[in-house]
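Structure file structure_16.txt (compact mmCIF, C-alpha atoms and all ligand atoms) is printed below.
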# COMPACT_ATOMS: atom_id res chain seq x y z
CA MET A 938 12.18 26.28 169.43
CA SER A 939 10.75 28.92 167.14
CA LEU A 940 9.01 27.49 164.07
CA SER A 941 7.22 29.34 161.29
CA GLN A 942 3.45 29.64 161.27
CA LEU A 943 3.51 27.55 158.10
CA ALA A 944 5.47 24.70 159.70
CA ARG A 945 3.09 24.72 162.63
CA SER A 946 0.06 24.57 160.34
CA ILE A 947 1.19 21.57 158.25
CA CYS A 948 0.29 18.04 159.40
CA GLU A 949 2.59 15.06 159.03
CA SER A 950 1.59 12.71 156.17
CA PRO A 951 -0.55 10.13 158.02
CA THR A 952 0.12 7.45 155.42
CA LEU A 953 3.92 7.79 155.64
CA LYS A 954 3.62 7.79 159.45
CA LEU A 955 1.62 4.54 159.31
CA ASN A 956 4.32 2.97 157.10
CA GLU A 957 6.87 3.82 159.78
CA THR A 958 4.70 2.42 162.57
CA ALA A 959 4.16 -0.81 160.62
CA ALA A 960 7.91 -1.13 159.94
CA LEU A 961 8.76 -0.56 163.63
CA LEU A 962 6.27 -3.19 164.76
CA ARG A 963 7.56 -5.66 162.14
CA ASP A 964 11.13 -5.06 163.34
CA LYS A 965 9.98 -6.10 166.80
CA GLY A 966 8.67 -9.35 165.32
CA GLU A 967 4.98 -8.40 165.46
CA PRO A 968 2.79 -10.15 162.86
CA VAL A 969 1.63 -6.93 161.20
CA ILE A 970 -0.64 -6.92 158.15
CA HIS A 971 -0.33 -3.70 156.22
CA LEU A 972 -3.60 -2.76 154.55
CA GLY A 973 -2.55 0.89 154.61
CA GLY A 974 0.10 0.70 151.88
CA GLY A 975 0.33 2.98 148.88
CA GLU A 976 2.61 1.10 146.53
CA PRO A 977 2.47 -2.08 144.44
CA LYS A 978 4.58 -4.99 145.66
CA ASN A 979 6.18 -5.99 142.34
CA LYS A 980 9.60 -4.92 141.15
CA ALA A 981 10.44 -2.14 138.69
CA PRO A 982 10.40 -3.22 135.00
CA ILE A 983 13.67 -4.71 133.75
CA ASP A 984 13.87 -1.99 131.05
CA ALA A 985 13.98 0.63 133.82
CA ILE A 986 16.77 -1.18 135.63
CA VAL A 987 18.84 -1.76 132.48
CA SER A 988 18.53 1.89 131.45
CA CYS A 989 19.39 3.16 134.95
CA SER A 990 22.37 0.77 135.25
CA SER A 991 23.73 1.84 131.89
CA LEU A 992 24.08 5.39 133.22
CA LEU A 993 25.48 4.26 136.58
CA GLN A 994 28.13 2.14 134.86
CA THR A 995 29.57 5.21 133.16
CA GLY A 996 30.01 6.87 136.56
CA ASP A 997 29.14 10.10 134.80
CA VAL A 998 26.15 11.14 136.88
CA LYS A 999 25.68 14.89 136.68
CA TYR A 1000 23.07 17.63 136.99
CA THR A 1001 20.31 17.48 134.40
CA PRO A 1002 18.28 20.41 133.03
CA ALA A 1003 15.94 21.75 135.73
CA ASP A 1004 12.86 20.59 133.76
CA GLY A 1005 14.26 17.12 133.03
CA LEU A 1006 16.31 15.32 130.39
CA LEU A 1007 15.20 15.73 126.80
CA SER A 1008 15.37 11.95 126.29
CA LEU A 1009 12.82 11.43 129.09
CA LYS A 1010 10.67 14.29 127.83
CA LYS A 1011 10.57 12.59 124.42
CA ALA A 1012 9.32 9.39 126.07
CA ILE A 1013 6.67 11.44 127.92
CA ILE A 1014 5.64 13.14 124.66
CA HIS A 1015 5.17 9.72 123.11
CA TYR A 1016 3.14 8.58 126.17
CA THR A 1017 0.95 11.69 125.90
CA GLU A 1018 0.36 11.12 122.20
CA GLU A 1019 -0.49 7.46 122.72
CA HIS A 1020 -2.72 7.80 125.77
CA TYR A 1021 -4.17 11.31 125.38
CA ASN A 1022 -4.05 11.73 121.62
CA ARG A 1023 -2.25 15.06 122.11
CA LEU A 1024 1.00 16.01 120.44
CA VAL A 1025 2.93 18.32 122.74
CA ALA A 1026 6.37 19.94 122.56
CA PRO A 1027 9.26 19.41 125.00
CA GLU A 1028 8.50 22.92 126.34
CA ASN A 1029 5.08 21.64 127.43
CA VAL A 1030 6.64 19.03 129.75
CA ILE A 1031 8.35 19.32 133.12
CA VAL A 1032 9.81 16.30 134.92
CA SER A 1033 9.89 16.42 138.73
CA ALA A 1034 10.81 14.24 141.70
CA GLY A 1035 7.47 12.42 141.69
CA ALA A 1036 3.96 13.59 140.87
CA LYS A 1037 3.99 15.15 144.31
CA GLN A 1038 6.71 17.63 143.37
CA SER A 1039 5.04 18.42 140.03
CA ILE A 1040 1.83 19.32 141.87
CA MET A 1041 3.69 21.27 144.54
CA VAL A 1042 5.74 23.31 142.04
CA LEU A 1043 2.59 23.94 140.01
CA LEU A 1044 0.72 25.26 143.06
CA HIS A 1045 3.65 27.55 143.83
CA ALA A 1046 3.56 28.75 140.23
CA ILE A 1047 -0.16 29.62 140.12
CA LEU A 1048 -1.29 30.61 143.63
CA ASP A 1049 -1.20 34.00 145.23
CA PRO A 1050 -1.76 34.20 148.99
CA LYS A 1051 -5.29 33.22 150.09
CA GLU A 1052 -6.36 32.03 146.65
CA GLU A 1053 -8.52 28.93 146.78
CA VAL A 1054 -8.13 25.47 145.31
CA ILE A 1055 -11.21 23.25 145.14
CA PHE A 1056 -11.27 19.45 145.18
CA PRO A 1057 -13.92 16.80 145.84
CA VAL A 1058 -14.27 14.73 149.03
CA PRO A 1059 -12.80 12.22 149.62
CA TYR A 1060 -9.42 13.58 148.57
CA TRP A 1061 -5.78 12.50 148.65
CA VAL A 1062 -4.39 13.46 152.08
CA SER A 1063 -1.68 15.66 150.59
CA PHE A 1064 -3.91 18.05 148.60
CA PRO A 1065 -4.99 20.30 151.52
CA GLU A 1066 -1.49 20.48 152.99
CA MET A 1067 0.16 21.18 149.61
CA VAL A 1068 -2.28 24.01 148.91
CA LYS A 1069 -1.51 25.46 152.37
CA ILE A 1070 2.26 25.18 151.80
CA ALA A 1071 1.81 27.20 148.58
CA GLY A 1072 -0.02 29.89 150.58
CA GLY A 1073 -3.48 28.99 149.30
CA VAL A 1074 -6.70 27.89 150.93
CA PRO A 1075 -8.09 24.38 150.33
CA VAL A 1076 -11.84 24.19 149.66
CA THR A 1077 -13.46 20.78 149.71
CA VAL A 1078 -16.72 19.75 148.06
CA ALA A 1079 -18.65 16.83 149.52
CA ALA A 1080 -21.37 15.21 147.44
CA ARG A 1081 -24.76 15.93 149.00
CA ASP A 1082 -25.83 12.36 148.25
CA GLY A 1083 -22.98 11.10 150.48
CA GLY A 1084 -21.22 9.41 147.54
CA PHE A 1085 -17.73 9.77 146.11
CA GLU A 1086 -18.57 12.06 143.16
CA PRO A 1087 -20.19 15.46 143.67
CA THR A 1088 -22.23 17.00 140.86
CA VAL A 1089 -20.79 19.65 138.57
CA GLU A 1090 -23.32 22.07 140.11
CA GLU A 1091 -21.94 21.32 143.59
CA MET A 1092 -18.43 22.04 142.31
CA ALA A 1093 -19.65 25.26 140.66
CA GLU A 1094 -21.28 26.41 143.92
CA ALA A 1095 -17.85 26.32 145.58
CA VAL A 1096 -16.30 28.64 142.97
CA GLY A 1097 -15.92 32.18 144.28
CA PRO A 1098 -13.87 35.32 143.62
CA TYR A 1099 -10.74 33.77 145.15
CA THR A 1100 -10.91 30.43 143.33
CA LYS A 1101 -7.80 29.76 141.25
CA ALA A 1102 -7.87 26.03 140.51
CA ILE A 1103 -9.73 22.75 140.75
CA ILE A 1104 -7.97 19.41 141.29
CA LEU A 1105 -9.51 16.14 140.12
CA ASN A 1106 -7.93 12.80 140.88
CA SER A 1107 -9.50 9.88 139.02
CA PRO A 1108 -9.27 6.97 139.67
CA ASN A 1109 -9.35 8.38 143.12
CA ASN A 1110 -7.18 7.86 146.15
CA PRO A 1111 -8.76 6.84 148.59
CA SER A 1112 -12.11 5.70 147.14
CA GLY A 1113 -10.94 3.96 143.97
CA ALA A 1114 -13.84 5.77 142.25
CA VAL A 1115 -13.49 6.52 138.56
CA TYR A 1116 -15.31 9.80 137.95
CA SER A 1117 -17.97 9.68 135.25
CA GLU A 1118 -17.14 11.18 131.87
CA ALA A 1119 -20.03 13.62 132.36
CA PHE A 1120 -18.48 14.89 135.59
CA VAL A 1121 -14.99 15.33 134.11
CA ALA A 1122 -16.47 16.99 130.99
CA GLY A 1123 -18.55 19.33 133.18
CA VAL A 1124 -15.56 20.35 135.31
CA VAL A 1125 -13.39 20.95 132.20
CA GLU A 1126 -16.14 23.22 130.86
CA LEU A 1127 -16.57 24.98 134.22
CA CYS A 1128 -12.84 25.71 134.42
CA GLU A 1129 -12.70 26.99 130.85
CA LYS A 1130 -15.71 29.27 131.39
CA ARG A 1131 -14.39 30.66 134.68
CA ASP A 1132 -10.71 30.84 133.64
CA LEU A 1133 -9.63 28.42 136.34
CA TYR A 1134 -6.69 26.06 136.30
CA LEU A 1135 -7.72 22.41 136.16
CA ILE A 1136 -5.19 19.99 137.62
CA MET A 1137 -5.93 16.43 136.50
CA ASP A 1138 -4.00 14.07 138.76
CA ASP A 1139 -3.89 10.95 136.56
CA THR A 1140 -1.48 9.04 138.83
CA TYR A 1141 -3.71 5.90 138.78
CA ASN A 1142 -5.05 6.36 135.26
CA ARG A 1143 -3.75 3.06 133.91
CA LEU A 1144 -4.82 0.97 136.91
CA ILE A 1145 -8.48 0.74 135.97
CA PHE A 1146 -10.80 -2.29 136.03
CA ASP A 1147 -13.82 -3.99 134.50
CA GLY A 1148 -12.86 -3.27 130.91
CA ARG A 1149 -13.20 0.49 131.37
CA THR A 1150 -10.83 2.87 129.64
CA PRO A 1151 -9.22 5.88 131.34
CA THR A 1152 -10.91 9.21 130.81
CA ASN A 1153 -8.98 11.54 128.53
CA CYS A 1154 -9.72 15.06 129.83
CA TYR A 1155 -8.45 16.71 126.61
CA ARG A 1156 -11.47 15.26 124.78
CA PHE A 1157 -13.71 17.73 126.59
CA THR A 1158 -11.77 20.93 126.00
CA ASP A 1159 -13.23 23.57 123.68
CA GLY A 1160 -10.45 23.00 121.15
CA ARG A 1161 -8.12 25.72 122.39
CA LEU A 1162 -4.43 24.98 121.88
CA ILE A 1163 -2.47 23.63 124.83
CA ASP A 1164 -0.51 26.90 125.06
CA ASN A 1165 -3.75 28.83 125.61
CA SER A 1166 -5.08 26.31 128.09
CA ARG A 1167 -5.07 26.17 131.89
CA LEU A 1168 -5.42 22.40 131.93
CA VAL A 1169 -2.47 20.63 133.55
CA VAL A 1170 -2.16 16.84 133.44
CA ILE A 1171 -0.06 15.14 136.10
CA ASN A 1172 1.37 11.64 135.75
CA CYS A 1173 4.19 9.54 137.20
CA VAL A 1174 5.97 6.22 136.90
CA SER A 1175 5.39 5.58 140.62
CA LYS A 1176 2.29 3.42 140.59
CA MET A 1177 1.82 2.10 137.04
CA TYR A 1178 5.40 0.75 136.86
CA ALA A 1179 5.74 0.13 140.62
CA MET A 1180 8.62 2.63 140.72
CA THR A 1181 7.69 4.70 143.78
CA GLY A 1182 11.28 4.85 145.06
CA PHE A 1183 12.64 6.35 141.84
CA ARG A 1184 10.62 9.55 142.42
CA ILE A 1185 9.77 10.57 138.88
CA GLY A 1186 6.57 12.37 137.88
CA TRP A 1187 5.69 15.01 135.32
CA ALA A 1188 3.26 17.70 134.28
CA VAL A 1189 2.03 18.51 130.77
CA ALA A 1190 0.84 22.11 130.45
CA SER A 1191 1.14 25.32 128.47
CA LYS A 1192 4.65 26.61 127.82
CA ASP A 1193 4.04 29.58 130.14
CA ILE A 1194 3.05 27.37 133.05
CA VAL A 1195 5.94 24.96 132.44
CA ARG A 1196 8.41 27.87 132.27
CA ALA A 1197 7.16 29.26 135.60
CA MET A 1198 7.28 25.80 137.20
CA THR A 1199 10.80 25.26 135.85
CA ASN A 1200 12.06 28.51 137.38
CA ILE A 1201 10.70 27.48 140.77
CA GLN A 1202 11.98 23.90 140.51
CA SER A 1203 15.42 25.13 139.39
CA GLN A 1204 15.76 27.14 142.60
CA GLU A 1205 14.21 24.50 144.87
CA THR A 1206 15.85 21.24 143.81
CA SER A 1207 17.26 21.49 140.24
CA GLY A 1208 16.35 18.62 137.93
CA PRO A 1209 15.38 15.22 139.39
CA ALA A 1210 18.10 12.61 140.01
CA ALA A 1211 19.66 11.54 136.68
CA PRO A 1212 19.61 7.74 137.35
CA SER A 1213 15.90 7.96 138.15
CA GLN A 1214 15.22 9.83 134.92
CA TRP A 1215 17.11 7.19 132.95
CA ALA A 1216 15.06 4.51 134.73
CA ALA A 1217 11.78 6.29 133.93
CA ALA A 1218 12.75 6.68 130.26
CA GLY A 1219 13.63 2.96 130.20
CA ALA A 1220 10.21 2.07 131.62
CA LEU A 1221 8.28 4.33 129.24
CA ASN A 1222 10.22 3.18 126.16
CA GLY A 1223 10.33 -0.48 127.19
CA VAL A 1224 7.96 -3.44 127.13
CA GLN A 1225 4.59 -2.27 128.47
CA SER A 1226 3.17 -5.63 129.53
CA THR A 1227 4.16 -5.04 133.17
CA ILE A 1228 1.37 -2.47 133.49
CA GLU A 1229 -1.24 -4.93 132.26
CA SER A 1230 0.00 -7.69 134.53
CA LEU A 1231 -0.08 -5.31 137.53
CA ARG A 1232 -3.55 -4.15 136.54
CA LEU A 1233 -4.83 -7.72 136.30
CA THR A 1234 -3.30 -8.62 139.67
CA LEU A 1235 -4.89 -5.59 141.29
CA GLU A 1236 -8.28 -6.31 139.72
CA ASN A 1237 -8.15 -9.83 141.11
CA ASN A 1238 -7.06 -8.52 144.51
CA ARG A 1239 -9.93 -6.05 144.45
CA ASN A 1240 -12.38 -8.88 143.76
CA VAL A 1241 -11.01 -10.91 146.67
CA MET A 1242 -11.27 -7.92 149.00
CA MET A 1243 -14.85 -7.19 147.90
CA THR A 1244 -15.85 -10.81 148.54
CA ARG A 1245 -14.30 -10.77 152.02
CA LEU A 1246 -15.88 -7.41 152.89
CA ALA A 1247 -19.26 -8.70 151.78
CA ALA A 1248 -19.09 -11.00 154.81
CA PHE A 1249 -19.46 -7.99 157.12
CA ASP A 1250 -23.10 -7.21 157.80
CA GLY A 1251 -22.52 -3.62 158.89
CA VAL A 1252 -19.89 -2.56 156.36
CA LYS A 1253 -20.97 -0.60 153.31
CA VAL A 1254 -18.53 -0.66 150.42
CA VAL A 1255 -18.65 0.71 146.88
CA LYS A 1256 -16.71 -1.44 144.41
CA PRO A 1257 -13.68 0.59 143.30
CA GLY A 1258 -13.23 1.04 139.54
CA GLY A 1259 -9.46 1.51 139.76
CA THR A 1260 -6.36 2.14 141.96
CA PHE A 1261 -5.51 -0.32 144.71
CA TYR A 1262 -7.67 1.19 147.43
CA CYS A 1263 -11.20 0.81 148.63
CA PHE A 1264 -12.97 3.02 151.12
CA PRO A 1265 -15.60 1.09 153.11
CA ASP A 1266 -17.91 2.76 155.60
CA PHE A 1267 -17.38 1.16 159.03
CA SER A 1268 -19.52 3.67 160.93
CA ALA A 1269 -21.98 0.95 161.96
CA TYR A 1270 -19.13 -0.44 164.11
CA GLU A 1271 -17.34 2.79 165.07
CA LYS A 1272 -17.96 6.35 163.93
CA ASP A 1273 -14.52 7.67 164.90
CA SER A 1274 -12.20 6.36 162.16
CA GLN A 1275 -8.99 7.27 164.03
CA LYS A 1276 -10.19 5.34 167.08
CA LEU A 1277 -11.10 2.38 164.90
CA CYS A 1278 -7.76 2.47 163.10
CA ARG A 1279 -5.92 2.50 166.45
CA LEU A 1280 -8.03 -0.36 167.80
CA LEU A 1281 -7.28 -2.53 164.75
CA LEU A 1282 -3.56 -1.85 165.01
CA ASP A 1283 -3.40 -2.38 168.79
CA LYS A 1284 -5.57 -5.46 168.98
CA VAL A 1285 -5.07 -7.39 165.74
CA ARG A 1286 -2.01 -5.67 164.22
CA VAL A 1287 -3.76 -4.62 161.01
CA VAL A 1288 -2.74 -1.25 159.55
CA THR A 1289 -5.55 0.78 157.97
CA VAL A 1290 -5.86 4.53 157.25
CA PRO A 1291 -8.62 6.55 158.96
CA GLY A 1292 -11.19 8.11 156.62
CA ARG A 1293 -10.95 11.40 158.51
CA GLU A 1294 -7.57 12.02 156.82
CA PHE A 1295 -9.34 11.97 153.45
CA GLY A 1296 -12.23 14.17 154.58
CA MET A 1297 -14.76 11.37 155.23
CA GLU A 1298 -15.32 10.25 158.79
CA GLY A 1299 -16.54 6.71 159.53
CA HIS A 1300 -14.62 5.19 156.60
CA LEU A 1301 -11.28 3.34 156.49
CA ARG A 1302 -8.98 3.22 153.49
CA LEU A 1303 -7.96 -0.38 152.83
CA SER A 1304 -5.28 -1.19 150.26
CA TYR A 1305 -5.22 -4.33 148.13
CA CYS A 1306 -1.76 -3.81 146.67
CA GLY A 1307 -0.32 -6.61 148.87
CA THR A 1308 -0.72 -10.36 148.53
CA ILE A 1309 -4.02 -12.25 148.49
CA LYS A 1310 -2.92 -13.92 151.74
CA GLU A 1311 -2.52 -10.51 153.40
CA ILE A 1312 -5.89 -9.33 152.13
CA ILE A 1313 -7.70 -12.44 153.37
CA GLU A 1314 -5.98 -12.57 156.73
CA GLY A 1315 -6.23 -8.81 157.23
CA ILE A 1316 -9.97 -8.72 156.62
CA ASP A 1317 -10.51 -11.86 158.71
CA ARG A 1318 -8.68 -10.24 161.61
CA ILE A 1319 -10.73 -7.03 161.26
CA LYS A 1320 -13.90 -9.07 161.22
CA TRP A 1321 -12.81 -10.96 164.29
CA ALA A 1322 -12.02 -7.68 166.11
CA LEU A 1323 -15.34 -6.04 165.26
CA ASP A 1324 -17.95 -8.73 164.89
CA PRO A 1325 -19.43 -9.69 168.28
CA GLY A 1326 -20.68 -12.93 166.67
CA ALA A 1327 -17.13 -14.13 165.88
CA PRO A 1328 -15.50 -16.78 168.11
CA ASN A 1329 -13.79 -15.32 171.18
CA GLU A 1330 -10.31 -16.53 170.30
CA LEU A 1331 -7.94 -15.93 167.37
CA PHE A 1332 -4.42 -17.19 166.75
CA LEU A 1333 -1.81 -14.77 165.37
CA GLY A 1334 1.03 -17.20 164.62
CA ASP A 1335 1.39 -19.08 167.88
CA ARG A 1336 -0.06 -16.24 169.97
CA LYS A 1337 -3.62 -16.74 171.20
CA LEU A 1338 -5.74 -13.58 171.30
CA VAL A 1339 -8.86 -13.42 173.43
CA ARG A 1340 -11.37 -10.75 172.50
CA ASP A 1341 -12.21 -8.84 175.65
CA TRP A 1342 -13.38 -5.55 174.12
CA ARG A 1343 -16.62 -6.46 172.31
C1 LIG A 1401 -3.46 10.90 144.07
C2 LIG A 1401 -1.99 10.87 144.16
N1 LIG A 1401 -1.29 11.79 143.49
C3 LIG A 1401 0.06 11.82 143.55
C4 LIG A 1401 0.75 10.90 144.32
C5 LIG A 1401 2.25 11.02 144.42
O1 LIG A 1401 2.91 10.30 143.49
P1 LIG A 1401 4.53 10.30 143.51
O2 LIG A 1401 4.92 9.15 144.39
O3 LIG A 1401 4.91 10.13 142.09
O4 LIG A 1401 4.98 11.60 144.07
C6 LIG A 1401 0.05 9.93 145.03
C7 LIG A 1401 0.78 8.98 145.89
O5 LIG A 1401 0.24 8.30 146.72
C8 LIG A 1401 -1.35 9.92 144.95
O6 LIG A 1401 -2.07 9.01 145.61
What does the file become when written as C-alpha cells?
Amino acid sequence: MSLSQLARSICESPTLKLNETAALLRDKGEPVIHLGGGEPKNKAPIDAIVSCSSLLQTGDVKYTPADGLLSLKKAIIHYTEEHYNRLVAPENVIVSAGAKQSIMVLLHAILDPKEEVIFPVPYWVSFPEMVKIAGGVPVTVAARDGGFEPTVEEMAEAVGPYTKAIILNSPNNPSGAVYSEAFVAGVVELCEKRDLYLIMDDTYNRLIFDGRTPTNCYRFTDGRLIDNSRLVVINCVSKMYAMTGFRIGWAVASKDIVRAMTNIQSQETSGPAAPSQWAAAGALNGVQSTIESLRLTLENNRNVMMTRLAAFDGVKVVKPGGTFYCFPDFSAYEKDSQKLCRLLLDKVRVVTVPGREFGMEGHLRLSYCGTIKEIIEGIDRIKWALDPGAPNELFLGDRKLVRDWR
C-alpha cells in the first residue's frame, strides 16, 4: 500500500486508542478501571437536549452556513462578552466540529510549510500532530526548573525566524496546571511584539478550582482592536457541558482570520452538524448551574485523588488547579512511562496515559472525571502493583491476583 509521507508521519491519538482498548477489555468482562478518560461522566444539560430535539422533530435538518448558525454565534458572542468582557461581531466567530477542528482549520489558515508553532511541555497530545498535518514544525519548550510552566524568557528563546504562532492551553491537559497571570501576560506581550499568532486553548477554562478565576487573555493585550489582533481564543461545549459527542467548538478571532478559516472549513466539511449546533446553543443559552455542579464534583474528585496519591512514598504530584487530570511523576518506580502504563493495564487492569505522549517521560496522566469509587480503587490497585511493601494478594471481583513481579 502506498501512503503519503504525511500519513506515515502522523501518530494515532494515544488517548483514543486507550479508550478502545479499555472498551474491548470491558466487553470481555474484564474489571477495567479507566483513569485515562478525557470526558466528564454526567449527561448533557437538559436545555441542550430540548433545543436539539426541537430541531429533530421538524425533520428539517439541512446544511448550515460553513462558519456556523447565526443563532449559535449569538450565544457565543454573549458568552464572550460575559466571560472575556469583549464584544465581538458574528464575523469574529467560527463554529467548528469541536475545538479540535477549530484549531486544525486555524493552523491550516496561518501556516506556510516549515513554519514553527511553539508550545510549552507538557502539552496536549494532539498539538504536535496537528501542526505537522498543517505542514508546520512543532517546537516544544520545557521549563528548565522541571515544572509545568516555563518562563516567558524560555518561550522567547524558542522564537526564531520561522516562528508563526504560540499555543497556550490553561488549565492544561495533561498537568491540570493553571498558568500564572504573569506568564500569560508575558506571552501575550511577546506575541504582540514579534507579530506572532497566539492561540489560547481555553477548553478547560471553566473547570478551575480553589476559588480561582479563569485568566482572561484579552486583559493583557495592548488595546488593539480584535480585527487588528493575532490573538485567537478557542473554546468548546465538550468539557464544560459534558457534551463531547456533540462535537461543537469555536474560535474568536479577527475577521480576516475567521474568513480564511471559513473558506478552508467550507471546502473540508461545511458547517458542523445542525442538531449539534442547536444543542450547543441550547446549552449556552440555558441554565448554567450544570457547569458549577460539574466543577464542584471535579474539585472533590481531585481532592480524593490527591489524598490517595499522597499514600505513595515515591510519587511526586503537583496539585492541579483545574481540568480533570493530574500528572504525577512515577519515575521513582519506573522511568519508562509506556512500560509502566502497559504493566498497570496488564496486571491490574487500570488504564493510564504515559507521560511520554505529552512530552514528559516518567509521568502518568491520571483522570479524575470518573466516580470516586473508580478513583479510590484505581489508585489502590496501582499502589498494590508498584509498592513492594503491599500485601502479596489482591482481589479483583472474585479473581485473586498474586503479585509476582515486584
Ligand atoms: C487541550 C484540549 N484542547 C482541545 C480539545 C478538543 O476538544 P473537542 O472535543 O471540542 O474537539 C481537547 C480534548 O481533549 C483538549 O484536551
Would you pick out the contacts of range 1090-1093 of chain A at 12 Å or less, using only C-alpha atoms, so that residues sharing its chain but fewer than 2 positions from it are not included, and give the list as a ChimeraX atom specification?
/A:1054-1058,1076-1082,1086-1088,1095-1098,1100,1102-1105,1119-1121,1123-1128,1130-1131,1133
Point (7.7, 9.9, 145.7) neighbourhood (7 Å, all atoms listed in the file) written as a JSON list (two decimals) with C-alpha atoms, in the coordinates of the input:
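Result file part_11.json:
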[["chain", "number", "residue", "atom", "x", "y", "z"],
["A", 1034, "ALA", "CA", 10.81, 14.24, 141.70],
["A", 1035, "GLY", "CA", 7.47, 12.42, 141.69],
["A", 1037, "LYS", "CA", 3.99, 15.15, 144.31],
["A", 1181, "THR", "CA", 7.69, 4.70, 143.78],
["A", 1182, "GLY", "CA", 11.28, 4.85, 145.06],
["A", 1184, "ARG", "CA", 10.62, 9.55, 142.42]]
What's the 8 Å shell around range 1253-1256 of chain A, counting only C-alpha atoms, without same-chain residues fewer than 6 positions away, as a tab-separated table (two decimals) with C-alpha atoms, in the coordinates of the input?
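Result saved to part00.tsv:
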chain	number	residue	atom	x	y	z
A	1113	GLY	CA	-10.94	3.96	143.97
A	1243	MET	CA	-14.85	-7.19	147.90
A	1246	LEU	CA	-15.88	-7.41	152.89
A	1263	CYS	CA	-11.20	0.81	148.63
A	1264	PHE	CA	-12.97	3.02	151.12
A	1265	PRO	CA	-15.60	1.09	153.11
A	1266	ASP	CA	-17.91	2.76	155.60
A	1267	PHE	CA	-17.38	1.16	159.03
Take CA of Gly975 in chain A and CA of Ser1304 in chain A and report the distance between them in Å, one decimal.
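The value is 7.1 Å.
Taking only C-alpha atoms and all ligand atoms into account, ligand LIG 1401 (chain A) lies nearest to A:Asp1139 out of the set A:Glu1094, A:Asp1132, A:Asp1139, A:Glu1052.
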